[in-house]
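S.K.: What follows is structure_15.cif, mmCIF, C-alpha atoms.
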data_input
#
loop_
_atom_site.group_PDB
_atom_site.id
_atom_site.type_symbol
_atom_site.label_atom_id
_atom_site.label_comp_id
_atom_site.auth_asym_id
_atom_site.auth_seq_id
_atom_site.Cartn_x
_atom_site.Cartn_y
_atom_site.Cartn_z
ATOM 1 C CA MET A 1 172.532 211.479 92.065
ATOM 2 C CA THR A 2 170.041 212.442 89.352
ATOM 3 C CA ASP A 3 166.996 210.256 88.923
ATOM 4 C CA ARG A 4 165.511 209.352 85.553
ATOM 5 C CA THR A 5 162.736 211.979 85.719
ATOM 6 C CA THR A 6 165.132 214.820 86.598
ATOM 7 C CA ASP A 7 167.543 213.751 83.874
ATOM 8 C CA ARG A 8 164.732 213.648 81.331
ATOM 9 C CA ALA A 9 163.555 217.137 82.308
ATOM 10 C CA ALA A 10 167.044 218.500 81.774
ATOM 11 C CA ARG A 11 167.369 216.938 78.357
ATOM 12 C CA HIS A 12 163.772 217.478 77.203
ATOM 13 C CA PRO A 13 162.486 220.734 78.746
ATOM 14 C CA ASP A 14 159.658 220.949 76.198
ATOM 15 C CA THR A 15 158.032 217.842 77.645
ATOM 16 C CA ALA A 16 159.091 218.190 81.254
ATOM 17 C CA ARG A 17 155.981 217.377 83.298
ATOM 18 C CA ASP A 18 154.894 214.982 85.995
ATOM 19 C CA VAL A 19 155.218 211.634 84.264
ATOM 20 C CA ASP A 20 155.213 208.288 86.049
ATOM 21 C CA PRO A 21 158.772 206.890 85.822
ATOM 22 C CA ARG A 22 157.336 203.591 84.663
ATOM 23 C CA TRP A 23 156.427 205.205 81.330
ATOM 24 C CA ILE A 24 159.917 206.642 80.571
ATOM 25 C CA ASP A 25 162.307 204.671 78.375
ATOM 26 C CA ALA A 26 166.046 204.120 78.901
ATOM 27 C CA ASP A 27 166.852 207.300 76.922
ATOM 28 C CA GLY A 28 164.608 209.440 79.071
ATOM 29 C CA ASN A 29 161.832 209.693 76.515
ATOM 30 C CA GLU A 30 158.182 209.307 77.471
ATOM 31 C CA ILE A 31 156.737 206.057 76.180
ATOM 32 C CA ASP A 32 153.740 206.570 73.937
ATOM 33 C CA GLU A 33 150.423 205.510 75.553
ATOM 34 C CA ASP A 34 149.786 203.010 72.761
ATOM 35 C CA HIS A 35 152.904 201.096 73.788
ATOM 36 C CA ARG A 36 152.548 201.001 77.560
ATOM 37 C CA GLY A 37 150.895 197.584 77.652
ATOM 38 C CA LEU A 38 147.720 195.957 78.904
ATOM 39 C CA VAL A 39 148.174 196.894 82.555
ATOM 40 C CA TYR A 40 148.339 200.594 81.666
ATOM 41 C CA ASP A 41 145.300 200.269 79.402
ATOM 42 C CA ILE A 42 143.248 198.630 82.122
ATOM 43 C CA ARG A 43 144.280 201.149 84.782
ATOM 44 C CA THR A 44 143.460 204.061 82.449
ATOM 45 C CA LEU A 45 140.101 202.568 81.527
ATOM 46 C CA VAL A 46 139.284 202.002 85.170
ATOM 47 C CA ASP A 47 140.104 205.601 86.058
ATOM 48 C CA ARG A 48 137.987 206.951 83.209
ATOM 49 C CA ARG A 49 134.973 204.693 83.654
ATOM 50 C CA ARG A 50 134.940 204.082 87.412
ATOM 51 C CA ALA A 51 131.954 206.368 87.970
ATOM 52 C CA LEU A 52 129.920 204.411 85.434
ATOM 53 C CA GLY A 53 130.622 201.085 87.124
ATOM 54 C CA ILE A 54 131.522 199.551 83.780
ATOM 55 C CA PHE A 55 133.216 196.528 85.314
ATOM 56 C CA GLY A 56 130.168 195.544 87.385
ATOM 57 C CA GLY A 57 131.030 192.607 89.576
ATOM 58 C CA ILE A 58 134.504 191.947 88.091
ATOM 59 C CA GLY A 59 137.229 191.977 90.698
ATOM 60 C CA LEU A 60 139.596 194.713 89.428
ATOM 61 C CA THR A 61 142.399 193.731 91.732
ATOM 62 C CA SER A 62 142.244 190.174 90.469
ATOM 63 C CA LEU A 63 142.073 191.331 86.850
ATOM 64 C CA LEU A 64 145.145 193.551 87.181
ATOM 65 C CA ALA A 65 147.041 190.929 89.092
ATOM 66 C CA ALA A 66 146.300 188.383 86.410
ATOM 67 C CA CYS A 67 147.638 190.721 83.739
ATOM 68 C CA SER A 68 150.796 191.829 85.545
ATOM 69 C CA ALA A 69 151.819 188.832 87.657
ATOM 70 C CA PRO A 70 153.787 185.980 86.084
ATOM 71 C CA ALA A 71 151.852 182.752 85.741
ATOM 72 C CA THR A 72 152.563 180.260 88.464
ATOM 73 C CA SER A 73 151.406 176.728 88.895
ATOM 74 C CA SER A 74 149.874 175.667 92.142
ATOM 75 C CA PRO A 75 149.443 172.073 93.257
ATOM 76 C CA SER A 76 145.993 170.568 92.960
ATOM 77 C CA PRO A 77 144.368 169.819 96.292
ATOM 78 C CA THR A 78 144.555 166.155 97.181
ATOM 79 C CA ALA A 79 142.827 164.163 99.869
ATOM 80 C CA SER A 80 145.000 163.099 102.755
ATOM 81 C CA ALA A 81 145.798 159.441 103.097
ATOM 82 C CA GLY A 82 143.797 159.197 106.272
ATOM 83 C CA SER A 83 140.669 160.957 105.039
ATOM 84 C CA SER A 84 137.437 159.021 104.703
ATOM 85 C CA SER A 85 133.814 159.774 103.917
ATOM 86 C CA THR A 86 131.155 159.722 106.577
ATOM 87 C CA ALA A 87 127.746 158.145 106.170
ATOM 88 C CA THR A 88 125.603 161.175 106.841
ATOM 89 C CA PRO A 89 122.883 162.633 104.623
ATOM 90 C CA THR A 90 124.392 166.130 104.737
ATOM 91 C CA PRO A 91 124.472 167.703 101.257
ATOM 92 C CA SER A 92 128.014 167.379 99.916
ATOM 93 C CA ALA A 93 130.088 170.242 98.548
ATOM 94 C CA SER A 94 131.643 168.097 95.834
ATOM 95 C CA ALA A 95 130.991 168.788 92.155
ATOM 96 C CA ASP A 96 128.726 165.786 91.824
ATOM 97 C CA ALA A 97 126.735 166.658 94.915
ATOM 98 C CA ALA A 98 126.554 170.426 94.424
ATOM 99 C CA ALA A 99 123.176 172.099 94.603
ATOM 100 C CA SER A 100 121.418 172.069 91.242
ATOM 101 C CA GLY A 101 118.499 174.212 92.347
ATOM 102 C CA PRO A 102 115.156 173.308 93.910
ATOM 103 C CA LEU A 103 113.243 170.350 92.544
ATOM 104 C CA ASP A 104 109.785 168.978 93.221
ATOM 105 C CA GLU A 105 109.506 166.645 96.160
ATOM 106 C CA VAL A 106 108.579 163.120 95.172
ATOM 107 C CA PRO A 107 105.063 162.299 96.400
ATOM 108 C CA ASP A 108 104.628 160.227 99.532
ATOM 109 C CA GLU A 109 103.142 156.855 98.621
ATOM 110 C CA THR A 110 102.034 153.771 100.466
ATOM 111 C CA GLY A 111 104.611 151.124 101.267
ATOM 112 C CA GLY A 112 101.955 148.581 100.393
ATOM 113 C CA PRO A 113 101.112 145.437 102.332
ATOM 114 C CA TYR A 114 104.517 143.764 101.834
ATOM 115 C CA PRO A 115 107.207 146.140 103.165
ATOM 116 C CA ALA A 116 108.956 143.691 105.528
ATOM 117 C CA ASP A 117 110.141 146.693 107.545
ATOM 118 C CA GLY A 118 108.364 145.638 110.721
ATOM 119 C CA SER A 119 105.265 147.724 110.049
ATOM 120 C CA ASN A 120 103.312 144.724 108.758
ATOM 121 C CA GLY A 121 104.610 141.593 110.378
ATOM 122 C CA VAL A 122 108.063 140.415 109.365
ATOM 123 C CA ASN A 123 111.090 142.710 109.586
ATOM 124 C CA VAL A 124 113.951 141.898 107.194
ATOM 125 C CA LEU A 125 115.848 145.110 107.898
ATOM 126 C CA ASP A 126 117.590 143.763 110.988
ATOM 127 C CA ASP A 127 118.752 140.600 109.221
ATOM 128 C CA SER A 128 122.441 140.180 108.497
ATOM 129 C CA GLY A 129 122.913 140.385 104.744
ATOM 130 C CA ILE A 130 120.227 142.966 103.963
ATOM 131 C CA VAL A 131 122.822 145.658 103.162
ATOM 132 C CA ARG A 132 123.774 144.742 99.603
ATOM 133 C CA SER A 133 123.649 145.951 95.998
ATOM 134 C CA ASP A 134 122.732 142.696 94.232
ATOM 135 C CA ILE A 135 119.255 141.767 95.457
ATOM 136 C CA ARG A 136 118.462 138.956 93.024
ATOM 137 C CA SER A 137 119.124 136.138 95.472
ATOM 138 C CA SER A 138 117.815 135.278 98.897
ATOM 139 C CA PHE A 139 120.282 135.313 101.770
ATOM 140 C CA GLY A 140 120.499 133.329 104.989
ATOM 141 C CA SER A 141 118.950 129.870 104.891
ATOM 142 C CA SER A 142 117.953 130.165 101.207
ATOM 143 C CA THR A 143 120.052 131.046 98.198
ATOM 144 C CA THR A 144 117.255 131.040 95.591
ATOM 145 C CA VAL A 145 117.900 133.477 92.746
ATOM 146 C CA ALA A 146 114.932 135.352 91.280
ATOM 147 C CA GLU A 147 114.755 134.905 87.506
ATOM 148 C CA GLY A 148 113.831 137.544 84.971
ATOM 149 C CA VAL A 149 115.113 140.183 82.580
ATOM 150 C CA PRO A 150 118.109 141.929 84.239
ATOM 151 C CA LEU A 151 117.385 145.358 85.671
ATOM 152 C CA GLU A 152 119.693 147.843 87.338
ATOM 153 C CA ILE A 153 117.897 150.427 89.465
ATOM 154 C CA ALA A 154 119.681 153.774 89.926
ATOM 155 C CA LEU A 155 117.937 156.029 92.419
ATOM 156 C CA THR A 156 119.415 159.480 93.117
ATOM 157 C CA VAL A 157 118.262 161.248 96.274
ATOM 158 C CA ARG A 158 118.439 165.038 96.496
ATOM 159 C CA ASP A 159 117.295 167.730 98.878
ATOM 160 C CA ALA A 160 114.145 169.166 97.309
ATOM 161 C CA ALA A 161 114.834 172.687 98.605
ATOM 162 C CA THR A 162 118.367 173.026 97.216
ATOM 163 C CA GLY A 163 118.932 170.159 94.811
ATOM 164 C CA SER A 164 121.997 169.055 96.777
ATOM 165 C CA ALA A 165 122.744 165.339 96.730
ATOM 166 C CA LEU A 166 122.090 163.559 100.017
ATOM 167 C CA VAL A 167 125.279 161.619 100.626
ATOM 168 C CA GLY A 168 125.159 158.620 102.950
ATOM 169 C CA ALA A 169 121.377 158.409 103.130
ATOM 170 C CA GLY A 170 120.004 154.903 103.630
ATOM 171 C CA VAL A 171 117.714 153.506 100.927
ATOM 172 C CA TYR A 172 115.663 150.341 101.382
ATOM 173 C CA LEU A 173 114.239 149.048 98.091
ATOM 174 C CA TRP A 174 111.976 146.103 97.276
ATOM 175 C CA HIS A 175 109.628 144.817 94.569
ATOM 176 C CA CYS A 176 107.797 141.713 93.372
ATOM 177 C CA ASP A 177 109.317 138.910 91.310
ATOM 178 C CA ARG A 178 108.574 137.765 87.751
ATOM 179 C CA ASP A 179 105.393 136.045 88.919
ATOM 180 C CA GLY A 180 104.111 139.065 90.827
ATOM 181 C CA ASP A 181 104.961 137.530 94.234
ATOM 182 C CA TYR A 182 106.634 139.339 97.131
ATOM 183 C CA SER A 183 109.242 137.491 99.149
ATOM 184 C CA LEU A 184 108.406 136.852 102.821
ATOM 185 C CA TYR A 185 104.671 137.239 102.121
ATOM 186 C CA SER A 186 103.294 135.632 98.960
ATOM 187 C CA GLN A 187 102.477 131.947 98.753
ATOM 188 C CA GLY A 188 105.409 130.230 97.100
ATOM 189 C CA ALA A 189 107.847 133.015 98.103
ATOM 190 C CA ALA A 190 107.203 133.200 101.853
ATOM 191 C CA ASP A 191 110.480 131.409 102.596
ATOM 192 C CA GLU A 192 112.493 133.748 100.370
ATOM 193 C CA ASN A 193 113.863 137.231 101.016
ATOM 194 C CA TYR A 194 115.101 138.081 97.535
ATOM 195 C CA LEU A 195 114.467 141.393 95.761
ATOM 196 C CA ARG A 196 115.040 143.393 98.943
ATOM 197 C CA GLY A 197 118.107 145.372 99.945
ATOM 198 C CA VAL A 198 119.561 148.402 101.684
ATOM 199 C CA GLN A 199 122.370 150.688 100.549
ATOM 200 C CA ALA A 200 123.919 154.070 101.369
ATOM 201 C CA THR A 201 123.858 156.771 98.711
ATOM 202 C CA ASP A 202 127.245 157.594 97.208
ATOM 203 C CA GLU A 203 128.899 160.975 96.651
ATOM 204 C CA THR A 204 126.321 161.790 93.964
ATOM 205 C CA GLY A 205 123.401 160.789 96.184
ATOM 206 C CA THR A 206 122.849 157.624 94.152
ATOM 207 C CA VAL A 207 122.250 153.980 95.023
ATOM 208 C CA ARG A 208 122.392 151.189 92.433
ATOM 209 C CA PHE A 209 120.666 147.866 92.861
ATOM 210 C CA THR A 210 121.149 144.868 90.577
ATOM 211 C CA SER A 211 117.806 143.133 90.207
ATOM 212 C CA ILE A 212 115.293 141.712 87.739
ATOM 213 C CA TYR A 213 112.373 143.381 86.009
ATOM 214 C CA PRO A 214 109.270 143.081 88.211
ATOM 215 C CA ALA A 215 105.967 141.708 86.955
ATOM 216 C CA CYS A 216 102.723 143.534 86.434
ATOM 217 C CA TYR A 217 100.254 141.982 88.816
ATOM 218 C CA SER A 218 96.508 142.458 88.821
ATOM 219 C CA GLY A 219 95.281 145.952 89.663
ATOM 220 C CA ARG A 220 98.626 147.797 89.787
ATOM 221 C CA TRP A 221 100.904 149.537 87.336
ATOM 222 C CA PRO A 222 104.415 147.974 87.321
ATOM 223 C CA HIS A 223 106.381 149.590 90.144
ATOM 224 C CA ILE A 224 109.206 149.435 92.668
ATOM 225 C CA HIS A 225 108.937 150.420 96.344
ATOM 226 C CA PHE A 226 111.526 152.351 98.340
ATOM 227 C CA GLU A 227 112.057 154.002 101.700
ATOM 228 C CA VAL A 228 114.662 156.688 102.399
ATOM 229 C CA TYR A 229 116.302 156.935 105.830
ATOM 230 C CA SER A 230 118.818 159.434 107.189
ATOM 231 C CA ASP A 231 121.500 156.749 107.025
ATOM 232 C CA VAL A 232 121.986 152.987 106.840
ATOM 233 C CA ASP A 233 122.119 152.641 110.620
ATOM 234 C CA ASN A 234 118.597 154.017 110.886
ATOM 235 C CA ALA A 235 117.444 151.855 108.005
ATOM 236 C CA VAL A 236 118.576 148.564 109.512
ATOM 237 C CA ALA A 237 117.219 149.614 112.902
ATOM 238 C CA ALA A 238 113.825 150.425 111.354
ATOM 239 C CA GLY A 239 114.332 154.016 112.479
ATOM 240 C CA PRO A 240 112.439 157.117 111.334
ATOM 241 C CA ILE A 241 111.581 157.101 107.626
ATOM 242 C CA VAL A 242 112.401 160.266 105.662
ATOM 243 C CA LYS A 243 110.379 159.307 102.576
ATOM 244 C CA THR A 244 108.272 156.369 101.377
ATOM 245 C CA SER A 245 107.412 156.298 97.692
ATOM 246 C CA GLN A 246 107.412 154.220 94.500
ATOM 247 C CA ILE A 247 109.080 154.150 91.095
ATOM 248 C CA ALA A 248 106.841 153.721 88.040
ATOM 249 C CA LEU A 249 108.217 151.729 85.110
ATOM 250 C CA PRO A 250 107.569 153.093 81.585
ATOM 251 C CA GLU A 251 105.025 151.480 79.311
ATOM 252 C CA GLU A 252 107.377 150.929 76.347
ATOM 253 C CA ALA A 253 109.857 148.862 78.358
ATOM 254 C CA ASN A 254 107.060 146.993 80.110
ATOM 255 C CA ALA A 255 105.649 145.816 76.786
ATOM 256 C CA LEU A 256 109.023 144.564 75.551
ATOM 257 C CA VAL A 257 109.876 142.746 78.762
ATOM 258 C CA TYR A 258 106.452 141.171 79.193
ATOM 259 C CA ALA A 259 106.653 139.719 75.686
ATOM 260 C CA THR A 260 109.480 137.443 76.875
ATOM 261 C CA ALA A 261 109.188 133.981 78.390
ATOM 262 C CA GLY A 262 108.251 133.874 82.045
ATOM 263 C CA TYR A 263 106.218 137.087 82.058
ATOM 264 C CA GLU A 264 103.080 135.658 80.458
ATOM 265 C CA ARG A 265 100.822 136.678 83.355
ATOM 266 C CA SER A 266 101.983 140.263 83.078
ATOM 267 C CA VAL A 267 100.769 140.647 79.493
ATOM 268 C CA ARG A 268 97.113 140.295 80.461
ATOM 269 C CA ASN A 269 97.481 142.256 83.696
ATOM 270 C CA ALA A 270 99.233 145.162 81.958
ATOM 271 C CA SER A 271 96.460 145.382 79.366
ATOM 272 C CA GLN A 272 93.956 146.084 82.153
ATOM 273 C CA VAL A 273 95.775 148.913 83.956
ATOM 274 C CA SER A 274 96.955 152.420 83.140
ATOM 275 C CA LEU A 275 98.982 155.117 84.859
ATOM 276 C CA ALA A 276 95.946 157.397 84.925
ATOM 277 C CA GLY A 277 93.827 154.712 86.575
ATOM 278 C CA ASP A 278 96.443 153.416 89.010
ATOM 279 C CA ASN A 279 95.547 153.940 92.670
ATOM 280 C CA VAL A 280 99.053 155.266 93.411
ATOM 281 C CA PHE A 281 100.238 157.083 90.296
ATOM 282 C CA GLY A 282 96.814 158.072 88.988
ATOM 283 C CA ASP A 283 96.541 161.479 90.681
ATOM 284 C CA ASP A 284 99.328 162.998 88.565
ATOM 285 C CA GLY A 285 100.164 160.249 86.081
ATOM 286 C CA GLY A 286 103.336 159.452 87.995
ATOM 287 C CA ILE A 287 105.038 162.541 86.563
ATOM 288 C CA HIS A 288 107.654 162.642 89.328
ATOM 289 C CA GLN A 289 108.065 158.872 89.582
ATOM 290 C CA ILE A 290 108.447 157.487 86.052
ATOM 291 C CA ALA A 291 111.934 156.077 85.599
ATOM 292 C CA SER A 292 114.116 156.880 82.608
ATOM 293 C CA MET A 293 114.928 153.614 80.901
ATOM 294 C CA SER A 294 117.959 152.542 78.876
ATOM 295 C CA GLY A 295 119.108 149.184 77.588
ATOM 296 C CA SER A 296 117.295 146.258 76.001
ATOM 297 C CA VAL A 297 115.770 142.895 76.770
ATOM 298 C CA ALA A 298 118.895 141.157 75.510
ATOM 299 C CA SER A 299 121.424 143.218 77.484
ATOM 300 C CA GLY A 300 119.218 144.182 80.412
ATOM 301 C CA TYR A 301 117.710 147.518 81.381
ATOM 302 C CA THR A 302 118.687 150.387 83.671
ATOM 303 C CA ALA A 303 115.894 152.324 85.350
ATOM 304 C CA SER A 304 117.022 155.731 86.619
ATOM 305 C CA LEU A 305 115.146 158.264 88.710
ATOM 306 C CA THR A 306 116.142 161.401 90.625
ATOM 307 C CA ILE A 307 113.890 162.291 93.533
ATOM 308 C CA GLY A 308 113.576 165.251 95.855
ATOM 309 C CA VAL A 309 112.942 164.601 99.543
#
Kindly return the structure encoded in the file as C-alpha cells.
M.R.:
Amino acid sequence: MTDRTTDRAARHPDTARDVDPRWIDADGNEIDEDHRGLVYDIRTLVDRRRALGIFGGIGLTSLLAACSAPATSSPSPTASAGSSSTATPTPSASADAAASGPLDEVPDETGGPYPADGSNGVNVLDDSGIVRSDIRSSFGSSTTVAEGVPLEIALTVRDAATGSALVGAGVYLWHCDRDGDYSLYSQGAADENYLRGVQATDETGTVRFTSIYPACYSGRWPHIHFEVYSDVDNAVAAGPIVKTSQIALPEEANALVYATAGYERSVRNASQVSLAGDNVFGDDGGIHQIASMSGSVASGYTASLTIGV
C-alpha cells in the first residue's frame, strides 16, 4: 500500500522532499504555508524565535492546545451540600478575601475607661445576648433603645502583612450614646448595656453593626472603640486580644449630625476639639482610623473602615 507522501513523490518528482503529511492535500499537493492555519503559524514562530525567548512566561503547550483543541465546557465548581464555613481567622482563598497586598497596621489605642471587657470592672462579654449585629437596644433585664441618627458601622479586618481578609475573627465594638454616656458605667446609663456587641467577620473579613451616631463628649474627638479577637469564642471568654483601637468619625458628618435635635451638647464639645489635638488620634491625625462616610441625616449614615492587624 502506498502512503500519501510516496504517492505524491511519484506524481510530483520536482517537489519530492520530506514534507509533513499534515501539510499535503487530498490530491497530493503540498499546502502553501499561508494556508496551513494558526497552529502551524505558532509552531513555526516558536521554532524560529525559541532562542530569543519571545514568549516569555506564556505556556506554549497551553497556547497550542487552546488553538488546536475543540472548545469544551466544564462544570463550574459548586460547594457540596454538607460544606460549611469555620469560624477561624485564617486568611480565606476566596475572591473577596484574597490578598490585596500589605497595608499599614492600624495603631494600637487605649480601650478607654469603659470597655466592659472585664479589664475595668464589669464584663459584658460573657453575657448571653452580646453576640449580635443590632446594638441599639439593651438586652437582658432592660430593653431600652438608644436614640440618635442611625449609623451602620462596617469594619473590615485584614492581615497587615498580606492584605488577606481575616475570616471568622471576633470583633467587640462599643461607643457612647447621644448624650455622651457609656452603658454600664455612666450615671443614667449604668443599668443599660446598649451600644455594645460582638460579631464574627464574614467571608470578606467584615462585620456590620447597626447603631446610632455617637456624641462628641468633652475632651475627645468623636470615636468608636473596638477589640479584635482570633474568633468569637475568645471574644466572649475575654481571651487574648489581637488588636485594640478606635475609629475616628469625619468632621463633615459630625457637623451635620450634631445640628439635629438631641445632640445639642455635642455642638459645643466638638467646637473645642480637633483631630490634631486629640489625645488618641493626634499623633498622626487619625490617618489610618478615619472612617469613610456615606448616607445622610435623613436616611442614616454608614461608616466604613478597613484595618490591618
S.K.: For atom CA of Ala291 of chain A and atom CA of Leu249 of chain A, quote the distance in Å rounded to one decimal.
M.R.: 5.7 Å
S.K.: Rounded to one decimal, what separation in Å do you get between atom CA of Ser245 of chain A and atom CA of Gln289 of chain A?
M.R.: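 Computing the Euclidean distance for atom CA of Ser245 of chain A and atom CA of Gln289 of chain A yields 8.5 Å.
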S.K.: In terms of the shortest atom-to-atom distance over only C-alpha atoms, which of A:Asp117, A:Glu152, A:Asp233, A:Asp104 is closest to Ser299 of chain A?
M.R.: A:Glu152
S.K.: Which neighbours of Ala303 of chain A fall inside 12 Å, counting all atoms listed in the file, when residues of the same chain fewer than 5 positions from it are skipped, and could you give them as a PyMOL selection string?
M.R.: chain A and resi 150-156+207-214+223-224+247-250+253-254+289-296
S.K.: Evaluated on this file, the PyMOL selection byres ((chain A and resi 160) around 8) picks out some residues - which ones are they, written as a compact mmCIF listing (two decimals) with C-alpha atoms, in the frame of the given file?
M.R.:
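Below you can see expr17.txt, which holds the result:
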# COMPACT_ATOMS: atom_id res chain seq x y z
CA PRO A 102 115.16 173.31 93.91
CA LEU A 103 113.24 170.35 92.54
CA ASP A 104 109.78 168.98 93.22
CA GLU A 105 109.51 166.64 96.16
CA ARG A 158 118.44 165.04 96.50
CA ASP A 159 117.30 167.73 98.88
CA ALA A 161 114.83 172.69 98.60
CA THR A 162 118.37 173.03 97.22
CA GLY A 163 118.93 170.16 94.81
CA SER A 164 122.00 169.06 96.78
CA ILE A 307 113.89 162.29 93.53
CA GLY A 308 113.58 165.25 95.86
CA VAL A 309 112.94 164.60 99.54
S.K.: List the residues matched by the PyMOL selection byres ((chain A and resi 125) around 7) in the displayed structure as a list in words, ordered by chain and then by residue number.
M.R.: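 For this structure, the PyMOL selection byres ((chain A and resi 125) around 7) captures Asp117, Asn123, Val124, Asp126, Asp127, Ile130, Ala235, Val236, Ala237 and Ala238 of chain A.
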S.K.: Write out as JSON lines the residues of segment 201-254 of chain A that have any atom within 9 Å of an atom of segment 271-275 of chain A, one row each with the nearest atom pair and its distance in Å to one decimal, counting all atoms listed in the file, sorted by chain and then rising number.
M.R.:
{"residue": "A:Ser218", "atom": "CA", "partner": "A:Gln272", "partner_atom": "CA", "distance": 8.0}
{"residue": "A:Gly219", "atom": "CA", "partner": "A:Val273", "partner_atom": "CA", "distance": 6.4}
{"residue": "A:Arg220", "atom": "CA", "partner": "A:Val273", "partner_atom": "CA", "distance": 6.6}
{"residue": "A:Trp221", "atom": "CA", "partner": "A:Val273", "partner_atom": "CA", "distance": 6.2}
{"residue": "A:Ala248", "atom": "CA", "partner": "A:Leu275", "partner_atom": "CA", "distance": 8.6}
{"residue": "A:Glu251", "atom": "CA", "partner": "A:Leu275", "partner_atom": "CA", "distance": 9.0}
S.K.: Rank A:Pro107, A:Gly262, A:Gly101, A:Gly170 by their smallest atom-to-atom distance to Val149 of chain A, using all atoms listed in the file, and report the top residue only.
M.R.: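 For Val149 of chain A, the nearest of the candidates is A:Gly262.
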S.K.: Quick check on the file I pasted: which residues fall under the PyMOL selection byres ((chain A and resi 111) around 9)? Write them as a PyMOL selection string.
M.R.: chain A and resi 109-110+112-115+225-227+244-246
S.K.: Could you tell me how far atom CA of Pro222 of chain A lies from atom CA of Thr206 of chain A, in Å and to one decimal?
M.R.: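 Straight-line distance from atom CA of Pro222 of chain A to atom CA of Thr206 of chain A works out to 21.9 Å.
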S.K.: Please provide as a PyMOL selection string all residues within 8 Å of Gln199 of chain A, with the sequence filter that same-chain residues fewer than 2 positions apart are discarded (counting all atoms listed in the file).
M.R.: chain A and resi 131-133+170-172+197+201+207+232
S.K.: Compute the distance from (112.5, 137.4, 101.4) to each atom, counting all atoms listed in the file, keep the residues with any atom at most 7 Å away, and return them as a tab-separated table (two decimals) with C-alpha atoms, keeping the file's coordinate frame; use the coordinates of the file.
M.R.:
chain	number	residue	atom	x	y	z
A	138	SER	CA	117.82	135.28	98.90
A	183	SER	CA	109.24	137.49	99.15
A	184	LEU	CA	108.41	136.85	102.82
A	190	ALA	CA	107.20	133.20	101.85
A	191	ASP	CA	110.48	131.41	102.60
A	192	GLU	CA	112.49	133.75	100.37
A	193	ASN	CA	113.86	137.23	101.02
A	194	TYR	CA	115.10	138.08	97.54
A	196	ARG	CA	115.04	143.39	98.94
S.K.: I need the residue nearest His288 of chain A from this list: A:Val267, A:Leu166, A:Asp108, A:Ala99. Use only C-alpha atoms for the distance.
M.R.: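 Smallest separation from His288 of chain A among the options: A:Asp108.
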